[in-house]
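Q: Next up, target_17.cif (mmCIF, C-alpha atoms).
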data_model
#
loop_
_atom_site.group_PDB
_atom_site.id
_atom_site.type_symbol
_atom_site.label_atom_id
_atom_site.label_comp_id
_atom_site.auth_asym_id
_atom_site.auth_seq_id
_atom_site.Cartn_x
_atom_site.Cartn_y
_atom_site.Cartn_z
ATOM 1 C CA MET O 1 141.287 62.073 51.786
ATOM 2 C CA PHE O 2 143.312 60.094 54.307
ATOM 3 C CA PRO O 3 143.381 61.879 57.689
ATOM 4 C CA ALA O 4 146.490 63.830 58.660
ATOM 5 C CA ASN O 5 147.430 61.331 61.391
ATOM 6 C CA THR O 6 147.515 58.362 58.976
ATOM 7 C CA LYS O 7 150.432 56.118 59.910
ATOM 8 C CA ILE O 8 152.622 55.978 56.798
ATOM 9 C CA LEU O 9 155.744 53.988 55.899
ATOM 10 C CA VAL O 10 158.025 55.240 53.116
ATOM 11 C CA VAL O 11 160.376 52.585 51.707
ATOM 12 C CA ASP O 12 163.205 53.586 49.373
ATOM 13 C CA ASP O 13 166.889 52.709 49.210
ATOM 14 C CA MET O 14 167.735 56.244 48.092
ATOM 15 C CA LYS O 15 167.969 58.625 51.044
ATOM 16 C CA THR O 16 167.227 61.665 48.918
ATOM 17 C CA MET O 17 164.017 60.112 47.574
ATOM 18 C CA ARG O 18 162.862 59.283 51.109
ATOM 19 C CA MET O 19 163.501 62.933 51.949
ATOM 20 C CA VAL O 20 161.558 64.082 48.890
ATOM 21 C CA MET O 21 158.604 61.819 49.681
ATOM 22 C CA LYS O 22 158.555 62.908 53.337
ATOM 23 C CA LYS O 23 158.652 66.539 52.205
ATOM 24 C CA THR O 24 155.834 65.832 49.769
ATOM 25 C CA LEU O 25 153.711 64.114 52.422
ATOM 26 C CA LYS O 26 154.386 66.935 54.877
ATOM 27 C CA ALA O 27 153.198 69.427 52.263
ATOM 28 C CA LEU O 28 149.978 67.391 52.072
ATOM 29 C CA GLY O 29 149.570 67.603 55.857
ATOM 30 C CA PHE O 30 150.898 64.170 56.878
ATOM 31 C CA GLU O 31 153.273 64.112 59.858
ATOM 32 C CA ASN O 32 153.177 60.477 61.048
ATOM 33 C CA VAL O 33 155.725 59.172 58.547
ATOM 34 C CA THR O 34 158.340 56.455 59.167
ATOM 35 C CA GLU O 35 161.192 55.573 56.780
ATOM 36 C CA ALA O 36 162.819 52.293 55.801
ATOM 37 C CA ASP O 37 165.784 52.049 53.455
ATOM 38 C CA ASP O 38 164.882 48.716 51.843
ATOM 39 C CA GLY O 39 162.204 46.062 51.720
ATOM 40 C CA GLU O 40 164.322 43.940 54.023
ATOM 41 C CA THR O 41 164.280 46.506 56.824
ATOM 42 C CA ALA O 42 160.688 47.508 56.094
ATOM 43 C CA TRP O 43 159.148 44.074 56.576
ATOM 44 C CA PRO O 44 160.032 43.619 60.289
ATOM 45 C CA LEU O 45 158.865 47.195 60.925
ATOM 46 C CA ILE O 46 155.543 46.395 59.272
ATOM 47 C CA GLN O 47 155.141 43.178 61.260
ATOM 48 C CA GLN O 48 156.076 44.796 64.559
ATOM 49 C CA SER O 49 153.690 47.698 64.119
ATOM 50 C CA ALA O 50 150.891 45.328 63.092
ATOM 51 C CA SER O 51 151.501 43.164 66.170
ATOM 52 C CA SER O 52 151.362 46.235 68.405
ATOM 53 C CA GLY O 53 147.841 46.920 67.179
ATOM 54 C CA GLU O 54 148.831 50.174 65.513
ATOM 55 C CA GLY O 55 149.966 48.972 62.139
ATOM 56 C CA PHE O 56 150.881 51.156 59.204
ATOM 57 C CA GLN O 57 147.806 52.263 57.294
ATOM 58 C CA LEU O 58 149.646 53.276 54.138
ATOM 59 C CA ILE O 59 152.890 52.037 52.568
ATOM 60 C CA LEU O 60 154.630 53.937 49.767
ATOM 61 C CA SER O 61 157.364 51.679 48.436
ATOM 62 C CA ASP O 62 159.970 52.046 45.736
ATOM 63 C CA TRP O 63 160.001 49.175 43.251
ATOM 64 C CA ASN O 64 163.699 48.720 42.477
ATOM 65 C CA MET O 65 165.659 48.151 45.654
ATOM 66 C CA PRO O 66 168.528 45.825 46.570
ATOM 67 C CA LYS O 67 167.782 42.725 48.664
ATOM 68 C CA VAL O 68 163.976 42.759 49.020
ATOM 69 C CA GLN O 69 162.325 44.617 46.126
ATOM 70 C CA GLY O 70 159.026 46.452 46.286
ATOM 71 C CA ILE O 71 157.142 43.654 44.548
ATOM 72 C CA GLU O 72 158.362 41.105 47.131
ATOM 73 C CA LEU O 73 157.436 43.455 49.961
ATOM 74 C CA LEU O 74 153.950 43.737 48.451
ATOM 75 C CA ARG O 75 153.728 39.943 48.268
ATOM 76 C CA ARG O 76 154.638 39.627 51.962
ATOM 77 C CA VAL O 77 152.216 42.342 53.040
ATOM 78 C CA ARG O 78 149.340 40.732 51.135
ATOM 79 C CA SER O 79 150.211 37.244 52.434
ATOM 80 C CA ASP O 80 149.984 38.106 56.127
ATOM 81 C CA ASP O 81 146.532 38.301 57.750
ATOM 82 C CA LYS O 82 147.660 41.160 59.994
ATOM 83 C CA THR O 83 148.885 43.358 57.148
ATOM 84 C CA LYS O 84 146.988 42.237 54.047
ATOM 85 C CA ASN O 85 144.542 45.152 54.081
ATOM 86 C CA THR O 86 147.225 47.853 54.315
ATOM 87 C CA VAL O 87 147.069 50.358 51.479
ATOM 88 C CA PHE O 88 150.130 49.725 49.296
ATOM 89 C CA ILE O 89 151.276 52.226 46.679
ATOM 90 C CA MET O 90 154.223 51.444 44.433
ATOM 91 C CA VAL O 91 156.589 54.268 43.534
ATOM 92 C CA THR O 92 158.570 53.699 40.367
ATOM 93 C CA ALA O 93 160.487 55.397 37.580
ATOM 94 C CA GLU O 94 159.594 52.591 35.176
ATOM 95 C CA SER O 95 156.108 51.302 34.525
ATOM 96 C CA GLU O 96 156.388 48.283 32.278
ATOM 97 C CA LYS O 97 153.235 46.430 31.351
ATOM 98 C CA GLY O 98 154.543 43.131 32.721
ATOM 99 C CA GLN O 99 155.455 44.696 36.055
ATOM 100 C CA VAL O 100 152.153 46.529 36.302
ATOM 101 C CA LYS O 101 150.272 43.299 35.661
ATOM 102 C CA GLU O 102 152.256 41.397 38.283
ATOM 103 C CA ALA O 103 151.714 44.082 40.913
ATOM 104 C CA ALA O 104 148.019 44.310 40.041
ATOM 105 C CA GLN O 105 147.658 40.557 40.512
ATOM 106 C CA LEU O 106 149.268 40.888 43.932
ATOM 107 C CA GLY O 107 146.852 43.643 44.902
ATOM 108 C CA VAL O 108 148.767 46.897 44.612
ATOM 109 C CA ASP O 109 146.435 49.827 45.236
ATOM 110 C CA GLN O 110 148.041 52.442 43.013
ATOM 111 C CA TYR O 111 151.247 53.658 41.366
ATOM 112 C CA VAL O 112 153.149 56.899 41.739
ATOM 113 C CA ILE O 113 155.396 57.475 38.747
ATOM 114 C CA LYS O 114 158.625 59.419 39.269
ATOM 115 C CA PRO O 115 159.108 62.314 38.852
ATOM 116 C CA PHE O 116 156.179 63.348 41.046
ATOM 117 C CA THR O 117 154.768 66.503 42.577
ATOM 118 C CA PRO O 118 152.683 66.975 45.743
ATOM 119 C CA ASP O 119 149.652 67.369 43.478
ATOM 120 C CA SER O 120 150.263 64.097 41.634
ATOM 121 C CA VAL O 121 150.749 62.208 44.927
ATOM 122 C CA LYS O 122 147.639 63.847 46.373
ATOM 123 C CA GLU O 123 145.643 62.758 43.331
ATOM 124 C CA LYS O 124 146.739 59.125 43.796
ATOM 125 C CA LEU O 125 145.986 59.167 47.530
ATOM 126 C CA GLU O 126 142.542 60.643 46.978
ATOM 127 C CA PHE O 127 141.803 58.045 44.302
ATOM 128 C CA VAL O 128 142.741 55.172 46.619
ATOM 129 C CA TYR O 129 140.910 56.663 49.604
ATOM 130 C CA ASN O 130 137.723 57.211 47.629
ATOM 131 C CA LYS O 131 137.922 53.715 46.122
ATOM 132 C CA LYS O 132 138.371 52.111 49.544
ATOM 133 C CA ASN O 133 135.520 54.081 51.038
ATOM 134 C CA ALA O 134 133.191 53.378 48.147
ATOM 135 C CA ALA O 135 133.731 49.624 48.493
ATOM 136 C CA MET I 1 164.800 42.785 17.117
ATOM 137 C CA SER I 2 166.132 46.301 16.696
ATOM 138 C CA ALA I 3 169.291 47.512 15.011
ATOM 139 C CA ILE I 4 172.183 49.152 16.798
ATOM 140 C CA PRO I 5 171.018 52.727 17.361
ATOM 141 C CA LYS I 6 172.815 55.701 15.897
ATOM 142 C CA LEU I 7 173.754 58.356 18.391
ATOM 143 C CA ASP I 8 171.585 60.799 16.509
ATOM 144 C CA VAL I 9 168.831 63.197 17.485
ATOM 145 C CA ASP I 10 166.116 60.546 17.476
ATOM 146 C CA PHE I 11 168.027 58.365 19.926
ATOM 147 C CA LEU I 12 169.208 61.251 22.124
ATOM 148 C CA LYS I 13 165.875 63.069 22.250
ATOM 149 C CA PRO I 14 164.201 60.863 24.906
ATOM 150 C CA PHE I 15 167.203 61.300 27.215
ATOM 151 C CA ILE I 16 167.199 65.063 26.662
ATOM 152 C CA GLU I 17 163.457 65.322 27.236
ATOM 153 C CA GLY I 18 163.755 63.046 30.262
ATOM 154 C CA THR I 19 166.437 65.255 31.771
ATOM 155 C CA ILE I 20 164.458 68.463 31.246
ATOM 156 C CA HIS I 21 161.242 66.869 32.565
ATOM 157 C CA THR I 22 162.897 65.245 35.588
ATOM 158 C CA LEU I 23 164.732 68.380 36.690
ATOM 159 C CA LYS I 24 161.598 70.479 36.209
ATOM 160 C CA ILE I 25 159.175 68.227 38.069
ATOM 161 C CA GLN I 26 161.350 66.669 40.784
ATOM 162 C CA CYS I 27 163.752 69.544 41.395
ATOM 163 C CA SER I 28 161.736 72.632 40.396
ATOM 164 C CA THR I 29 164.691 73.476 38.168
ATOM 165 C CA GLU I 30 164.325 74.787 34.634
ATOM 166 C CA VAL I 31 167.163 73.694 32.383
ATOM 167 C CA THR I 32 168.194 74.470 28.844
ATOM 168 C CA VAL I 33 170.020 72.190 26.449
ATOM 169 C CA ALA I 34 172.853 73.084 24.093
ATOM 170 C CA LYS I 35 174.001 71.200 21.002
ATOM 171 C CA PRO I 36 175.289 67.673 21.727
ATOM 172 C CA TYR I 37 178.800 66.800 20.596
ATOM 173 C CA LYS I 38 181.140 63.842 20.496
ATOM 174 C CA LYS I 39 183.321 63.395 23.567
ATOM 175 C CA GLU I 40 186.936 63.952 22.584
ATOM 176 C CA GLN I 41 188.621 64.769 25.884
ATOM 177 C CA ALA I 42 188.433 63.425 29.413
ATOM 178 C CA ASN I 43 186.209 66.157 30.829
ATOM 179 C CA PRO I 44 184.828 69.185 29.016
ATOM 180 C CA MET I 45 184.142 70.830 32.387
ATOM 181 C CA GLN I 46 185.015 70.198 36.017
ATOM 182 C CA ILE I 47 182.960 67.248 37.252
ATOM 183 C CA ASP I 48 182.710 66.611 40.989
ATOM 184 C CA ILE I 49 179.931 64.031 41.118
ATOM 185 C CA ALA I 50 178.572 61.615 38.542
ATOM 186 C CA ALA I 51 176.068 58.790 38.515
ATOM 187 C CA ILE I 52 176.571 56.147 35.845
ATOM 188 C CA ILE I 53 174.538 53.132 34.791
ATOM 189 C CA GLY I 54 175.233 50.330 32.400
ATOM 190 C CA VAL I 55 172.497 49.809 29.823
ATOM 191 C CA THR I 56 171.874 46.541 28.007
ATOM 192 C CA SER I 57 169.527 45.522 25.230
ATOM 193 C CA SER I 58 169.309 42.862 22.563
ATOM 194 C CA ALA I 59 170.839 45.294 20.063
ATOM 195 C CA PHE I 60 173.480 47.205 22.009
ATOM 196 C CA ASN I 61 175.278 47.793 25.260
ATOM 197 C CA GLY I 62 176.128 51.180 26.596
ATOM 198 C CA SER I 63 176.131 53.481 29.540
ATOM 199 C CA LEU I 64 174.521 56.677 30.666
ATOM 200 C CA ALA I 65 176.014 59.237 33.023
ATOM 201 C CA LEU I 66 174.724 62.336 34.767
ATOM 202 C CA CYS I 67 177.639 64.609 35.689
ATOM 203 C CA PHE I 68 177.699 67.766 37.799
ATOM 204 C CA PRO I 69 180.163 70.330 39.048
ATOM 205 C CA LYS I 70 179.775 70.710 42.825
ATOM 206 C CA GLU I 71 177.955 74.050 42.723
ATOM 207 C CA SER I 72 175.363 72.914 40.184
ATOM 208 C CA PHE I 73 174.683 69.653 42.001
ATOM 209 C CA LEU I 74 174.233 71.318 45.393
ATOM 210 C CA LYS I 75 171.835 73.850 43.871
ATOM 211 C CA VAL I 76 169.780 71.068 42.238
ATOM 212 C CA MET I 77 169.658 69.185 45.548
ATOM 213 C CA GLU I 78 168.627 72.371 47.361
ATOM 214 C CA ASN I 79 165.809 72.839 44.881
ATOM 215 C CA MET I 80 164.758 69.197 45.222
ATOM 216 C CA LEU I 81 164.991 68.835 48.993
ATOM 217 C CA GLY I 82 164.130 72.346 50.100
ATOM 218 C CA GLU I 83 167.234 73.033 52.168
ATOM 219 C CA PRO I 84 170.737 74.298 51.366
ATOM 220 C CA PHE I 85 173.772 72.006 51.276
ATOM 221 C CA THR I 86 177.427 73.001 51.343
ATOM 222 C CA GLU I 87 179.133 69.680 50.646
ATOM 223 C CA ILE I 88 178.563 66.585 48.544
ATOM 224 C CA ASP I 89 178.162 63.967 51.251
ATOM 225 C CA SER I 90 176.064 60.914 52.116
ATOM 226 C CA ASP I 91 172.994 63.102 52.662
ATOM 227 C CA VAL I 92 172.786 64.087 49.023
ATOM 228 C CA GLU I 93 175.084 62.055 46.779
ATOM 229 C CA ASP I 94 172.535 59.343 45.976
ATOM 230 C CA GLY I 95 170.383 62.124 44.516
ATOM 231 C CA ALA I 96 172.491 61.963 41.358
ATOM 232 C CA ALA I 97 171.727 58.254 40.989
ATOM 233 C CA GLU I 98 168.030 58.722 41.597
ATOM 234 C CA LEU I 99 167.748 61.508 39.045
ATOM 235 C CA LEU I 100 169.556 59.286 36.549
ATOM 236 C CA ASN I 101 167.143 56.438 37.323
ATOM 237 C CA ILE I 102 164.205 58.703 36.564
ATOM 238 C CA ILE I 103 165.767 60.048 33.368
ATOM 239 C CA PHE I 104 166.420 56.479 32.236
ATOM 240 C CA GLY I 105 162.851 55.492 33.084
ATOM 241 C CA HIS I 106 161.514 58.273 30.870
ATOM 242 C CA ALA I 107 163.833 57.418 27.972
ATOM 243 C CA LYS I 108 163.182 53.700 28.298
ATOM 244 C CA LYS I 109 159.446 54.188 27.897
ATOM 245 C CA VAL I 110 159.921 56.157 24.671
ATOM 246 C CA LEU I 111 162.659 53.952 23.209
ATOM 247 C CA THR I 112 160.805 50.744 24.016
ATOM 248 C CA ASP I 113 157.996 52.021 21.818
ATOM 249 C CA GLN I 114 160.620 52.524 19.070
ATOM 250 C CA GLY I 115 161.842 48.944 19.380
ATOM 251 C CA TYR I 116 164.793 49.438 21.724
ATOM 252 C CA SER I 117 163.927 47.362 24.756
ATOM 253 C CA MET I 118 166.469 48.287 27.421
ATOM 254 C CA GLU I 119 167.453 47.231 30.900
ATOM 255 C CA LYS I 120 169.802 48.954 33.290
ATOM 256 C CA ALA I 121 172.098 47.967 36.088
ATOM 257 C CA ILE I 122 172.067 49.578 39.526
ATOM 258 C CA PRO I 123 173.658 53.033 39.233
ATOM 259 C CA SER I 124 177.048 53.722 40.722
ATOM 260 C CA ILE I 125 178.127 57.084 42.067
ATOM 261 C CA ILE I 126 181.580 58.585 41.860
ATOM 262 C CA SER I 127 182.448 61.840 43.574
ATOM 263 C CA GLY I 128 185.561 63.859 44.282
ATOM 264 C CA ASN I 129 187.362 66.912 43.044
ATOM 265 C CA ASN I 130 187.426 66.954 39.225
ATOM 266 C CA ILE I 131 186.741 63.278 38.651
ATOM 267 C CA THR I 132 187.042 61.462 35.320
ATOM 268 C CA VAL I 133 183.960 59.753 33.931
ATOM 269 C CA GLN I 134 184.704 56.589 31.991
ATOM 270 C CA HIS I 135 182.287 54.573 29.902
ATOM 271 C CA VAL I 136 182.531 51.196 28.241
ATOM 272 C CA SER I 137 185.922 51.081 26.545
ATOM 273 C CA ASP I 138 186.096 52.438 22.994
ATOM 274 C CA SER I 139 182.411 53.314 22.914
ATOM 275 C CA PRO I 140 181.460 56.411 20.966
ATOM 276 C CA THR I 141 180.236 58.863 23.587
ATOM 277 C CA VAL I 142 178.039 61.883 23.092
ATOM 278 C CA ILE I 143 177.937 64.740 25.549
ATOM 279 C CA VAL I 144 174.702 66.648 26.008
ATOM 280 C CA PRO I 145 175.392 69.941 27.789
ATOM 281 C CA PHE I 146 172.708 71.495 29.975
ATOM 282 C CA GLY I 147 172.521 74.871 31.659
ATOM 283 C CA GLY I 148 170.048 77.040 33.503
ATOM 284 C CA GLN I 149 169.282 78.520 36.878
ATOM 285 C CA ALA I 150 171.212 75.833 38.779
ATOM 286 C CA GLY I 151 174.311 76.059 36.603
ATOM 287 C CA ASP I 152 175.842 73.766 34.030
ATOM 288 C CA PHE I 153 175.884 69.978 33.973
ATOM 289 C CA LEU I 154 176.199 67.125 31.470
ATOM 290 C CA VAL I 155 174.524 63.957 30.365
ATOM 291 C CA GLU I 156 176.856 61.498 28.644
ATOM 292 C CA ILE I 157 175.563 58.651 26.498
ATOM 293 C CA ALA I 158 177.805 55.880 25.237
ATOM 294 C CA VAL I 159 176.694 53.112 22.901
ATOM 295 C CA ASN I 160 178.900 50.170 22.028
#
What does this structure look like when you write it as structure tokens?
A:
Amino acid sequence: MFPANTKILVVDDMKTMRMVMKKTLKALGFENVTEADDGETAWPLIQQSASSGEGFQLILSDWNMPKVQGIELLRRVRSDDKTKNTVFIMVTAESEKGQVKEAAQLGVDQYVIKPFTPDSVKEKLEFVYNKKNAA
Amino acid sequence: MSAIPKLDVDFLKPFIEGTIHTLKIQCSTEVTVAKPYKKEQANPMQIDIAAIIGVTSSAFNGSLALCFPKESFLKVMENMLGEPFTEIDSDVEDGAAELLNIIFGHAKKVLTDQGYSMEKAIPSIISGNNITVQHVSDSPTVIVPFGGQAGDFLVEIAVN
């Protein structure tokens, strides 16, 4: 499992969902969690933290957001040498085949489908962590 | 291509199941459903916050609303966020929209498999003391009443 001090960014335009995800991550032992309310505000945060040498290790991003959507944020993260290896998990209430395929082609690591519980998020995180460490 | 759906049990069921599932999983709130009925009056109960989304498909247009009295909504938010709230304000009001998004996502998955491919607009939120919820003009609207430990609330479904 990811260590408790993993630097995590939660991106969602809905304040209540950011609160729910932070609460969920806290229940799983994670305390180093930063929030962004849209892909547009998230991207400079991601770049700045990467440039400082202490980049985010895990991004949990909503898919449907105004301005910069989750899929575009994923594209930017994977296109930048400093951020391309960051674990990126998409959080969505809709999982259409076309969307899933597009995100998979861009290198998304996993999906969390809403509604979610701490156990379902933990399961996804463990899957990604084990996959990364087996590679 | 699918036909215009009837507002019958088969069409309503995914929204009802989505509401029960969403409230249970995301808000730790068990809810019960009563018999749906056609909307005849402005509000069958006091509504203080509602999220509403427009729904489009090749076969129909419509809208979906999730409507709460203040006390029920604050209890649902308390259950979801783990802290009590006394007012509907910017800290919690988008919770209605997010729950509606999730309910729609559940229903969309089921109805897509039945041939009703649907898209939604970004939800809007209206709040205030005893607000009126309006759908697409002249659309037949069905009210699905819910109850349970958090109190009563409604889902409204209109199909044009």
Q: Would you list the contacts of Leu9 of chain O as number ranges by chain, taking every protein, DNA or RNA residue within 10 Å and counting only C-alpha atoms, but skipping same-chain residues closer than 4 positions in sequence?
A: O: 22, 32-36, 42, 45-46, 55-61, 88
Q: Show which residues sit within 8 Å of Lys124 of chain O, as a ChimeraX atom specification. Count only C-alpha atoms, and ignore same-chain residues fewer than 5 positions away.
A: /O:110-112
Q: Apply the PyMOL selection byres ((chain I) within 6 of (chain O)) to the structure shown and report the selected residues as a list in words.
A: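 So the PyMOL selection byres ((chain I) within 6 of (chain O)), applied here, picks out Thr22, Ile25, Gln26, Leu81, Gly95, Ile102 and Gly105 of chain I.
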Q: Pick the closest to Thr112 of chain I from O:Ala27, O:Lys84, O:Lys97, O:Ser120: which is it, counting all atoms listed in the file?
A: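 Using all atoms listed in the file, Thr112 of chain I sits closest to O:Lys97.
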Q: Find the residues near Leu74 of chain I: any atom within 9 Å, counting all atoms listed in the file, skip ones fewer than 2 places away on the same chain, and give them as a list in words.
A: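 My reading of the contact set: Pro69, Lys70, Glu71, Ser72, Val76, Met77, Glu78, Asn79, Pro84, Phe85, Thr86, Glu87, Ile88, Val92 and Ala150 of chain I.
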Q: I'd like the contact shell of Gly62 of chain I - 9 Å cut-off, all atoms listed in the file, skipping same-chain residues fewer than 3 positions apart - returned as JSON, numbers by chain.
A: {"I": [53, 54, 55, 56, 57, 135, 136, 139, 157, 158, 159, 160]}
Q: Can you pull out the residues contacting Asp10 of chain I? Cut-off 12 Å, using only C-alpha atoms, and skip same-chain residues under 2 positions away; I want them as a PDB file with C-alpha atoms, in the coordinates of the input.
A:
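File produced: result24.pdb:
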ATOM      1  CA  PRO I   5     171.018  52.727  17.361  1.00  0.00           C
ATOM      2  CA  LYS I   6     172.815  55.701  15.897  1.00  0.00           C
ATOM      3  CA  LEU I   7     173.754  58.356  18.391  1.00  0.00           C
ATOM      4  CA  ASP I   8     171.585  60.799  16.509  1.00  0.00           C
ATOM      5  CA  LEU I  12     169.208  61.251  22.124  1.00  0.00           C
ATOM      6  CA  LYS I  13     165.875  63.069  22.250  1.00  0.00           C
ATOM      7  CA  PRO I  14     164.201  60.863  24.906  1.00  0.00           C
ATOM      8  CA  PHE I  15     167.203  61.300  27.215  1.00  0.00           C
ATOM      9  CA  ILE I  16     167.199  65.063  26.662  1.00  0.00           C
ATOM     10  CA  GLU I  17     163.457  65.322  27.236  1.00  0.00           C
ATOM     11  CA  ALA I 107     163.833  57.418  27.972  1.00  0.00           C
ATOM     12  CA  VAL I 110     159.921  56.157  24.671  1.00  0.00           C
ATOM     13  CA  LEU I 111     162.659  53.952  23.209  1.00  0.00           C
ATOM     14  CA  GLN I 114     160.620  52.524  19.070  1.00  0.00           C
ATOM     15  CA  TYR I 116     164.793  49.438  21.724  1.00  0.00           C
TER      16      TYR I 116
END
Q: If the PyMOL selection byres ((chain I and resi 94) around 12) were run on this exact file, what residues would it hold? Put them as a ChimeraX atom specification.
A: /O:12-19 /I:49-52,66,73,77,88-93,95-101,122-127
Q: State, in Å with one decimal place, the distance from atom CA of Asp38 of chain O to atom CA of Ile8 of chain O.
A: 15.1 Å
Q: Care to translate the PyMOL selection byres ((chain I and resi 153) around 12) into actual residues of this file, as a PyMOL selection string?
A: chain I and resi 19-20+23+31-34+43-50+65-76+96+143-152+154-156
Q: So what do you get for atom CA of Leu28 of chain O versus atom CA of Lys7 of chain O, distance-wise?
A: 13.7 Å
Q: Which centre and edge lengths in Å to one decimal define the box along x, y and z that fits every listed atom of segment 142-152 of chain I plus 3 Å per side, as lines of an AutoDock Vina configuration file?
A:
center_x = 173.7
center_y = 70.2
center_z = 30.9
size_x = 14.8
size_y = 22.6
size_z = 21.7
Q: What is the distance between atom CA of Thr83 of chain O and atom CA of Gln47 of chain O, in Å to one decimal?
A: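 Taking atom CA of Thr83 of chain O as the start and atom CA of Gln47 of chain O as the end point, the length is 7.5 Å.
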Q: Which is closest to Asp119 of chain O among O:Gly70, O:Leu25, O:Ser79, O:Asn5, if we use all atoms listed in the file?
A: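 Of all the options, O:Leu25 lies closest to Asp119 of chain O.
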Q: How would segment 68-96 of chain I of the given structure read as a file with C-alpha atoms, as an mmCIF file, in the first residue's frame?
A:
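So out_26.cif came out as:
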data_model
loop_
_atom_site.group_PDB
_atom_site.id
_atom_site.type_symbol
_atom_site.label_atom_id
_atom_site.label_comp_id
_atom_site.auth_asym_id
_atom_site.auth_seq_id
_atom_site.Cartn_x
_atom_site.Cartn_y
_atom_site.Cartn_z
ATOM 1 C CA PHE I 68 -34.990 18.154 -0.108
ATOM 2 C CA PRO I 69 -36.550 19.947 2.817
ATOM 3 C CA LYS I 70 -33.812 21.667 4.842
ATOM 4 C CA GLU I 71 -33.801 19.183 7.723
ATOM 5 C CA SER I 72 -33.516 16.118 5.489
ATOM 6 C CA PHE I 73 -30.756 17.638 3.375
ATOM 7 C CA LEU I 74 -28.664 18.695 6.372
ATOM 8 C CA LYS I 75 -28.998 15.216 7.876
ATOM 9 C CA VAL I 76 -27.896 13.587 4.597
ATOM 10 C CA MET I 77 -24.913 15.948 4.400
ATOM 11 C CA GLU I 78 -24.036 15.196 8.028
ATOM 12 C CA ASN I 79 -24.088 11.496 7.246
ATOM 13 C CA MET I 80 -21.985 12.016 4.117
ATOM 14 C CA LEU I 81 -19.410 14.438 5.495
ATOM 15 C CA GLY I 82 -19.236 13.315 9.102
ATOM 16 C CA GLU I 83 -20.030 16.644 10.738
ATOM 17 C CA PRO I 84 -23.254 18.475 11.612
ATOM 18 C CA PHE I 85 -24.523 21.455 9.617
ATOM 19 C CA THR I 86 -27.156 23.977 10.645
ATOM 20 C CA GLU I 87 -27.653 25.918 7.419
ATOM 21 C CA ILE I 88 -27.730 25.255 3.694
ATOM 22 C CA ASP I 89 -24.743 27.291 2.561
ATOM 23 C CA SER I 90 -21.797 27.124 0.161
ATOM 24 C CA ASP I 91 -20.156 24.407 2.268
ATOM 25 C CA VAL I 92 -22.860 21.885 1.505
ATOM 26 C CA GLU I 93 -25.229 23.004 -1.249
ATOM 27 C CA ASP I 94 -23.257 21.444 -4.108
ATOM 28 C CA GLY I 95 -23.788 18.112 -2.346
ATOM 29 C CA ALA I 96 -27.278 17.986 -3.846
#
